[in-house]
file structure_31.tsv (TSV, C-alpha atoms)
chain	number	residue	atom	x	y	z
A	241	MET	CA	104.48	119.60	61.10
A	242	THR	CA	107.86	121.23	61.63
A	243	VAL	CA	109.95	118.43	60.17
A	244	ARG	CA	111.25	119.03	56.69
A	245	PHE	CA	110.99	115.93	54.58
A	246	ARG	CA	113.54	115.54	51.83
A	247	ASN	CA	112.70	113.20	48.98
A	248	VAL	CA	109.47	112.09	50.66
A	249	ASP	CA	105.98	113.20	49.69
A	250	VAL	CA	103.97	113.32	52.89
A	251	PRO	CA	100.19	112.94	52.73
A	252	ALA	CA	98.06	115.12	55.01
A	253	GLU	CA	96.91	112.15	57.11
A	254	VAL	CA	99.64	110.67	59.32
A	255	ARG	CA	98.16	107.18	58.87
A	256	ASP	CA	99.12	107.47	55.20
A	257	TRP	CA	102.74	108.48	55.81
A	258	PRO	CA	105.46	106.27	54.38
A	259	TYR	CA	107.91	104.65	56.75
A	260	GLU	CA	110.63	107.19	55.86
A	261	ALA	CA	108.41	110.07	57.00
A	262	ILE	CA	107.67	108.38	60.32
A	263	THR	CA	111.34	107.71	61.03
A	264	THR	CA	112.26	111.27	60.07
A	265	ALA	CA	109.59	112.68	62.41
A	266	ILE	CA	110.96	110.56	65.26
A	267	GLU	CA	114.63	111.23	64.59
A	268	ARG	CA	114.54	114.92	63.65
A	269	GLY	CA	111.15	116.13	64.79
A	270	THR	CA	110.03	118.12	67.78
A	271	ILE	CA	107.72	117.11	70.60
A	272	GLY	CA	104.88	118.50	68.49
A	273	ASP	CA	105.81	116.10	65.70
A	274	TRP	CA	105.93	113.22	68.15
A	275	ALA	CA	102.51	114.26	69.45
A	276	VAL	CA	101.09	113.76	65.95
A	277	LEU	CA	102.45	110.21	65.94
A	278	THR	CA	101.38	109.38	69.50
A	279	ARG	CA	97.87	110.73	68.82
A	280	GLU	CA	97.55	108.40	65.83
A	281	ILE	CA	98.88	105.50	67.91
A	282	GLY	CA	96.20	106.28	70.50
A	283	GLN	CA	93.48	106.22	67.86
A	284	ASP	CA	94.67	103.00	66.20
A	285	PRO	CA	97.07	101.09	68.47
A	286	TRP	CA	97.49	98.18	66.04
A	287	GLY	CA	97.33	100.27	62.88
A	288	PRO	CA	100.00	101.03	60.31
A	289	VAL	CA	101.59	103.95	62.18
A	290	ALA	CA	101.92	101.97	65.41
A	291	ARG	CA	103.37	99.01	63.48
A	292	GLN	CA	105.85	101.20	61.63
A	293	VAL	CA	106.92	102.91	64.85
A	294	GLU	CA	107.42	99.45	66.41
A	295	ASP	CA	109.56	98.44	63.45
A	296	TYR	CA	111.68	101.55	63.89
A	297	LEU	CA	112.08	100.95	67.63
A	298	GLU	CA	113.74	97.60	66.92
A	299	TYR	CA	116.90	99.37	65.78
A	300	ALA	CA	116.56	102.91	67.18
A	301	GLU	CA	119.57	104.08	69.15
A	302	GLU	CA	118.04	106.76	71.36
A	303	PRO	CA	116.82	105.00	74.54
A	304	GLY	CA	114.62	107.90	75.67
A	305	VAL	CA	112.74	107.97	72.39
A	306	VAL	CA	112.42	104.18	72.35
A	307	GLY	CA	111.00	104.17	75.88
A	308	LEU	CA	108.60	107.01	75.13
A	309	PHE	CA	107.09	105.39	72.06
A	310	ARG	CA	107.04	101.88	73.56
A	311	ARG	CA	105.13	103.18	76.60
A	312	ARG	CA	102.67	105.01	74.35
A	313	ILE	CA	102.01	101.92	72.24
A	314	THR	CA	101.62	99.74	75.35
A	315	ALA	CA	99.26	102.22	77.04
A	316	ALA	CA	97.18	102.72	73.89
A	317	ARG	CA	96.78	98.97	73.40
A	318	ALA	CA	95.86	98.44	77.05
A	319	ALA	CA	93.22	101.18	76.85
A	320	ALA	CA	91.82	99.73	73.63
A	321	GLU	CA	91.65	96.24	75.15
A	322	GLU	CA	89.88	97.61	78.23
A	323	ALA	CA	87.34	99.40	76.04
A	324	GLU	CA	86.79	96.23	74.02
A	325	ARG	CA	86.26	94.18	77.21
A	326	ALA	CA	83.71	96.74	78.38
A	327	GLN	CA	81.96	96.56	75.01
A	328	VAL	CA	81.77	92.75	75.18
A	329	ALA	CA	80.46	92.94	78.77
A	330	GLU	CA	77.76	95.35	77.63
A	331	GLN	CA	76.84	92.99	74.80
A	332	VAL	CA	76.57	90.08	77.25
A	333	ARG	CA	74.34	92.15	79.57
A	334	GLU	CA	72.14	93.07	76.62
A	335	LEU	CA	71.85	89.45	75.48
A	336	VAL	CA	70.83	88.34	78.97
A	337	ARG	CA	68.29	91.17	79.23
A	338	ALA	CA	66.85	90.46	75.78
A	339	SER	CA	66.48	86.75	76.56
A	340	GLY	CA	63.94	87.42	79.29
A	341	LEU	CA	65.56	84.67	81.37
A	342	THR	CA	66.87	84.97	84.89
A	343	LEU	CA	70.64	84.99	85.29
A	344	GLU	CA	70.50	81.41	86.59
A	345	GLN	CA	68.36	80.25	83.64
A	346	PHE	CA	70.54	82.02	81.09
A	347	ALA	CA	73.74	80.63	82.60
A	348	ARG	CA	72.33	77.11	82.54
A	349	ALA	CA	71.11	77.55	78.95
A	350	ILE	CA	74.61	78.51	77.74
A	351	GLY	CA	76.29	75.76	79.77
A	352	THR	CA	77.96	77.76	82.51
A	353	SER	CA	77.39	78.81	86.10
A	354	ARG	CA	75.78	81.99	87.36
A	355	PRO	CA	79.08	83.19	88.95
A	356	ARG	CA	80.92	82.62	85.66
A	357	LEU	CA	78.19	84.49	83.77
A	358	SER	CA	78.67	87.33	86.24
A	359	THR	CA	82.36	87.58	85.28
A	360	TYR	CA	81.31	87.96	81.63
A	361	ARG	CA	78.70	90.59	82.51
A	362	THR	CA	81.21	92.68	84.48
A	363	GLY	CA	84.03	92.36	81.95
A	364	LYS	CA	86.38	90.59	84.35
A	365	VAL	CA	86.50	87.70	81.90
A	366	THR	CA	85.87	87.85	78.16
A	367	PRO	CA	83.87	84.93	76.79
A	368	SER	CA	85.08	83.06	73.73
A	369	ALA	CA	83.60	83.88	70.34
A	370	ALA	CA	81.83	80.51	70.36
A	371	LEU	CA	80.22	81.29	73.72
A	372	LEU	CA	79.08	84.69	72.45
A	373	VAL	CA	77.41	82.94	69.51
A	374	ARG	CA	75.72	80.55	71.94
A	375	MET	CA	74.56	83.50	74.07
A	376	ALA	CA	73.09	85.17	70.98
A	377	ARG	CA	71.23	81.97	70.07
A	378	VAL	CA	69.80	81.61	73.58
A	379	SER	CA	68.89	85.29	73.67
A	380	ALA	CA	67.04	84.95	70.37
A	381	GLY	CA	65.18	81.93	71.74
A	382	LEU	CA	66.68	79.43	69.29
call {"tool": "encode", "arguments": {"input": "structure_31.tsv", "output": "structure tokens"}}
result
Amino acid sequence: MTVRFRNVDVPAEVRDWPYEAITTAIERGTIGDWAVLTREIGQDPWGPVARQVEDYLEYAEEPGVVGLFRRRITAARAAAEEAERAQVAEQVRELVRASGLTLEQFARAIGTSRPRLSTYRTGKVTPSAALLVRMARVSAGL
């Protein structure tokens, strides 16, 4: 970190930085300092650093910096959501496989159509939490 923090004790982990340290890194830091922040945003797009950066962006005056950090937050959240959709799709595929039922039988057992089940299995559509619970019950043979 090249930024000098006055009157702020900065923990080693960026996720533990106080708001004042984050704003100082954005306002007076170098690209390397910004990289530390954007890396943390990528790892935890809804975490404390991303939230504090968002708070700062509400009143920041430098449009280039605002655009840079907004794009990073947006991209990190989109990537996280895509990974989560893929994880849910994998879980649905596993539940269908574990059930021993055909796709048609499984779809009927959970109260949907085979084409709709296909959208869950591919990740095009994410099923509700209640439907996931129903899928788990059917898969377990309950």
call {"tool": "residues_around", "arguments": {"input": "structure_31.tsv", "residues": "segment 379-381 of chain A", "least_positions_apart": "3", "cutoff": "10 Å", "atoms": "only C-alpha atoms", "output": "number ranges by chain"}}
result
A: 332, 334-341, 346, 349-350, 373-376
call {"tool": "write_last_selection", "arguments": {"input": "structure_31.tsv", "atoms": "C-alpha atoms", "output": "short mmCIF file (atom, residue, chain, number, x, y, z; two decimals), in the frame of the given file"}}
result
data_model
loop_
_atom_site.label_atom_id
_atom_site.label_comp_id
_atom_site.auth_asym_id
_atom_site.auth_seq_id
_atom_site.Cartn_x
_atom_site.Cartn_y
_atom_site.Cartn_z
CA VAL A 332 76.57 90.08 77.25
CA GLU A 334 72.14 93.07 76.62
CA LEU A 335 71.85 89.45 75.48
CA VAL A 336 70.83 88.34 78.97
CA ARG A 337 68.29 91.17 79.23
CA ALA A 338 66.85 90.46 75.78
CA SER A 339 66.48 86.75 76.56
CA GLY A 340 63.94 87.42 79.29
CA LEU A 341 65.56 84.67 81.37
CA PHE A 346 70.54 82.02 81.09
CA ALA A 349 71.11 77.55 78.95
CA ILE A 350 74.61 78.51 77.74
CA VAL A 373 77.41 82.94 69.51
CA ARG A 374 75.72 80.55 71.94
CA MET A 375 74.56 83.50 74.07
CA ALA A 376 73.09 85.17 70.98
#
call {"tool": "closest_residue", "arguments": {"input": "structure_31.tsv", "among": "A:Glu267, A:Glu330, A:Glu321, A:Glu253", "to": "Pro303 of chain A", "atoms": "only C-alpha atoms"}}
result
A:Glu267
call {"tool": "axis_aligned_box", "arguments": {"input": "structure_31.tsv", "around": "segment 333-336 of chain A", "padding_each_side": "5 Å", "output": "lines of an AutoDock Vina configuration file"}}
result
center_x = 72.6
center_y = 90.7
center_z = 77.5
size_x = 13.5
size_y = 14.7
size_z = 14.1
call {"tool": "atom_distance", "arguments": {"input": "structure_31.tsv", "atom1": "atom CA of Glu280 of chain A", "atom2": "atom CA of Ala318 of chain A"}}
result
15.1 Å
call {"tool": "atom_distance", "arguments": {"input": "structure_31.tsv", "atom1": "atom CA of Val293 of chain A", "atom2": "atom CA of Ile313 of chain A"}}
result
8.9 Å
call {"tool": "residues_around", "arguments": {"input": "structure_31.tsv", "residues": "Trp286 of chain A", "least_positions_apart": "4", "cutoff": "9 Å", "atoms": "only C-alpha atoms", "output": "PyMOL selection string"}}
result
chain A and resi 281+290-291+313+317
call {"tool": "residues_around", "arguments": {"input": "structure_31.tsv", "residues": "segment 354-364 of chain A", "least_positions_apart": "4", "cutoff": "8 Å", "atoms": "only C-alpha atoms", "output": "ChimeraX atom specification"}}
result
/A:325-326,328-330,332-333,343-344,347-348
call {"tool": "atom_distance", "arguments": {"input": "structure_31.tsv", "atom1": "atom CA of Gly287 of chain A", "atom2": "atom CA of Leu371 of chain A"}}
result
27.8 Å
call {"tool": "closest_residue", "arguments": {"input": "structure_31.tsv", "among": "A:Gln345, A:Ser353, A:Gln283, A:Thr366", "to": "Glu324 of chain A", "atoms": "all atoms listed in the file"}}
result
A:Thr366
call {"tool": "closest_residue", "arguments": {"input": "structure_31.tsv", "among": "A:Pro288, A:Ala369, A:Thr342, A:Trp274", "to": "Val306 of chain A", "atoms": "only C-alpha atoms"}}
result
A:Trp274
call {"tool": "closest_residue", "arguments": {"input": "structure_31.tsv", "among": "A:Arg312, A:Pro251, A:Glu294, A:Tyr259", "to": "Arg279 of chain A", "atoms": "only C-alpha atoms"}}
result
A:Arg312
call {"tool": "build_atoms", "arguments": {"input": "structure_31.tsv", "residues": "segment 286-317 of chain A", "atoms": "N, CA and C atoms", "output": "PDB file, in the frame of the given file"}}
result
ATOM      1  N   TRP A 286      96.944  99.291  66.826  1.00  0.00           N
ATOM      2  CA  TRP A 286      97.490  98.180  66.040  1.00  0.00           C
ATOM      3  C   TRP A 286      97.560  98.544  64.568  1.00  0.00           C
ATOM      4  N   GLY A 287      97.358  99.810  64.264  1.00  0.00           N
ATOM      5  CA  GLY A 287      97.330 100.270  62.880  1.00  0.00           C
ATOM      6  C   GLY A 287      98.708 100.438  62.272  1.00  0.00           C
ATOM      7  N   PRO A 288      98.735 100.938  61.048  1.00  0.00           N
ATOM      8  CA  PRO A 288     100.000 101.030  60.310  1.00  0.00           C
ATOM      9  C   PRO A 288     101.036 101.949  60.969  1.00  0.00           C
ATOM     10  N   VAL A 289     100.608 103.050  61.551  1.00  0.00           N
ATOM     11  CA  VAL A 289     101.590 103.950  62.180  1.00  0.00           C
ATOM     12  C   VAL A 289     102.209 103.269  63.393  1.00  0.00           C
ATOM     13  N   ALA A 290     101.384 102.663  64.234  1.00  0.00           N
ATOM     14  CA  ALA A 290     101.920 101.970  65.410  1.00  0.00           C
ATOM     15  C   ALA A 290     102.866 100.850  64.991  1.00  0.00           C
ATOM     16  N   ARG A 291     102.511 100.118  63.958  1.00  0.00           N
ATOM     17  CA  ARG A 291     103.370  99.010  63.480  1.00  0.00           C
ATOM     18  C   ARG A 291     104.686  99.540  62.925  1.00  0.00           C
ATOM     19  N   GLN A 292     104.623 100.650  62.188  1.00  0.00           N
ATOM     20  CA  GLN A 292     105.850 101.200  61.630  1.00  0.00           C
ATOM     21  C   GLN A 292     106.744 101.783  62.722  1.00  0.00           C
ATOM     22  N   VAL A 293     106.133 102.411  63.722  1.00  0.00           N
ATOM     23  CA  VAL A 293     106.920 102.910  64.850  1.00  0.00           C
ATOM     24  C   VAL A 293     107.580 101.733  65.574  1.00  0.00           C
ATOM     25  N   GLU A 294     106.838 100.658  65.783  1.00  0.00           N
ATOM     26  CA  GLU A 294     107.420  99.450  66.410  1.00  0.00           C
ATOM     27  C   GLU A 294     108.602  98.933  65.609  1.00  0.00           C
ATOM     28  N   ASP A 295     108.449  98.893  64.293  1.00  0.00           N
ATOM     29  CA  ASP A 295     109.560  98.440  63.450  1.00  0.00           C
ATOM     30  C   ASP A 295     110.790  99.317  63.655  1.00  0.00           C
ATOM     31  N   TYR A 296     110.575 100.620  63.695  1.00  0.00           N
ATOM     32  CA  TYR A 296     111.680 101.550  63.890  1.00  0.00           C
ATOM     33  C   TYR A 296     112.343 101.345  65.258  1.00  0.00           C
ATOM     34  N   LEU A 297     111.541 101.099  66.271  1.00  0.00           N
ATOM     35  CA  LEU A 297     112.080 100.950  67.630  1.00  0.00           C
ATOM     36  C   LEU A 297     112.995  99.740  67.775  1.00  0.00           C
ATOM     37  N   GLU A 298     112.886  98.797  66.864  1.00  0.00           N
ATOM     38  CA  GLU A 298     113.740  97.600  66.920  1.00  0.00           C
ATOM     39  C   GLU A 298     115.213  97.945  66.723  1.00  0.00           C
ATOM     40  N   TYR A 299     115.491  99.024  66.016  1.00  0.00           N
ATOM     41  CA  TYR A 299     116.900  99.370  65.780  1.00  0.00           C
ATOM     42  C   TYR A 299     117.250 100.800  66.203  1.00  0.00           C
ATOM     43  N   ALA A 300     116.304 101.531  66.752  1.00  0.00           N
ATOM     44  CA  ALA A 300     116.560 102.910  67.180  1.00  0.00           C
ATOM     45  C   ALA A 300     117.636 102.939  68.255  1.00  0.00           C
ATOM     46  N   GLU A 301     118.436 103.989  68.235  1.00  0.00           N
ATOM     47  CA  GLU A 301     119.570 104.080  69.150  1.00  0.00           C
ATOM     48  C   GLU A 301     119.331 105.004  70.335  1.00  0.00           C
ATOM     49  N   GLU A 302     118.302 105.807  70.289  1.00  0.00           N
ATOM     50  CA  GLU A 302     118.040 106.760  71.360  1.00  0.00           C
ATOM     51  C   GLU A 302     117.108 106.132  72.401  1.00  0.00           C
ATOM     52  N   PRO A 303     117.638 105.727  73.566  1.00  0.00           N
ATOM     53  CA  PRO A 303     116.820 105.000  74.540  1.00  0.00           C
ATOM     54  C   PRO A 303     115.618 105.788  75.060  1.00  0.00           C
ATOM     55  N   GLY A 304     115.746 107.094  75.199  1.00  0.00           N
ATOM     56  CA  GLY A 304     114.620 107.900  75.670  1.00  0.00           C
ATOM     57  C   GLY A 304     113.463 107.871  74.702  1.00  0.00           C
ATOM     58  N   VAL A 305     113.777 107.992  73.436  1.00  0.00           N
ATOM     59  CA  VAL A 305     112.740 107.970  72.390  1.00  0.00           C
ATOM     60  C   VAL A 305     112.099 106.585  72.328  1.00  0.00           C
ATOM     61  N   VAL A 306     112.932 105.560  72.394  1.00  0.00           N
ATOM     62  CA  VAL A 306     112.420 104.180  72.350  1.00  0.00           C
ATOM     63  C   VAL A 306     111.453 103.960  73.506  1.00  0.00           C
ATOM     64  N   GLY A 307     111.859 104.348  74.707  1.00  0.00           N
ATOM     65  CA  GLY A 307     111.000 104.170  75.880  1.00  0.00           C
ATOM     66  C   GLY A 307     109.701 104.941  75.772  1.00  0.00           C
ATOM     67  N   LEU A 308     109.789 106.169  75.291  1.00  0.00           N
ATOM     68  CA  LEU A 308     108.600 107.010  75.130  1.00  0.00           C
ATOM     69  C   LEU A 308     107.580 106.365  74.204  1.00  0.00           C
ATOM     70  N   PHE A 309     108.017 105.955  73.034  1.00  0.00           N
ATOM     71  CA  PHE A 309     107.090 105.390  72.060  1.00  0.00           C
ATOM     72  C   PHE A 309     106.615 103.989  72.471  1.00  0.00           C
ATOM     73  N   ARG A 310     107.481 103.208  73.089  1.00  0.00           N
ATOM     74  CA  ARG A 310     107.040 101.880  73.560  1.00  0.00           C
ATOM     75  C   ARG A 310     105.944 102.027  74.624  1.00  0.00           C
ATOM     76  N   ARG A 311     106.146 102.955  75.561  1.00  0.00           N
ATOM     77  CA  ARG A 311     105.130 103.180  76.600  1.00  0.00           C
ATOM     78  C   ARG A 311     103.819 103.651  75.993  1.00  0.00           C
ATOM     79  N   ARG A 312     103.893 104.502  74.977  1.00  0.00           N
ATOM     80  CA  ARG A 312     102.670 105.010  74.350  1.00  0.00           C
ATOM     81  C   ARG A 312     101.915 103.882  73.650  1.00  0.00           C
ATOM     82  N   ILE A 313     102.643 103.049  72.936  1.00  0.00           N
ATOM     83  CA  ILE A 313     102.010 101.920  72.240  1.00  0.00           C
ATOM     84  C   ILE A 313     101.378 100.972  73.258  1.00  0.00           C
ATOM     85  N   THR A 314     102.122 100.648  74.315  1.00  0.00           N
ATOM     86  CA  THR A 314     101.620  99.740  75.350  1.00  0.00           C
ATOM     87  C   THR A 314     100.366 100.317  76.014  1.00  0.00           C
ATOM     88  N   ALA A 315     100.409 101.589  76.371  1.00  0.00           N
ATOM     89  CA  ALA A 315      99.260 102.220  77.040  1.00  0.00           C
ATOM     90  C   ALA A 315      98.049 102.294  76.103  1.00  0.00           C
ATOM     91  N   ALA A 316      98.288 102.628  74.842  1.00  0.00           N
ATOM     92  CA  ALA A 316      97.180 102.720  73.890  1.00  0.00           C
ATOM     93  C   ALA A 316      96.528 101.363  73.673  1.00  0.00           C
ATOM     94  N   ARG A 317      97.332 100.322  73.600  1.00  0.00           N
ATOM     95  CA  ARG A 317      96.780  98.970  73.400  1.00  0.00           C
ATOM     96  C   ARG A 317      96.025  98.506  74.646  1.00  0.00           C
TER      97      ARG A 317
END
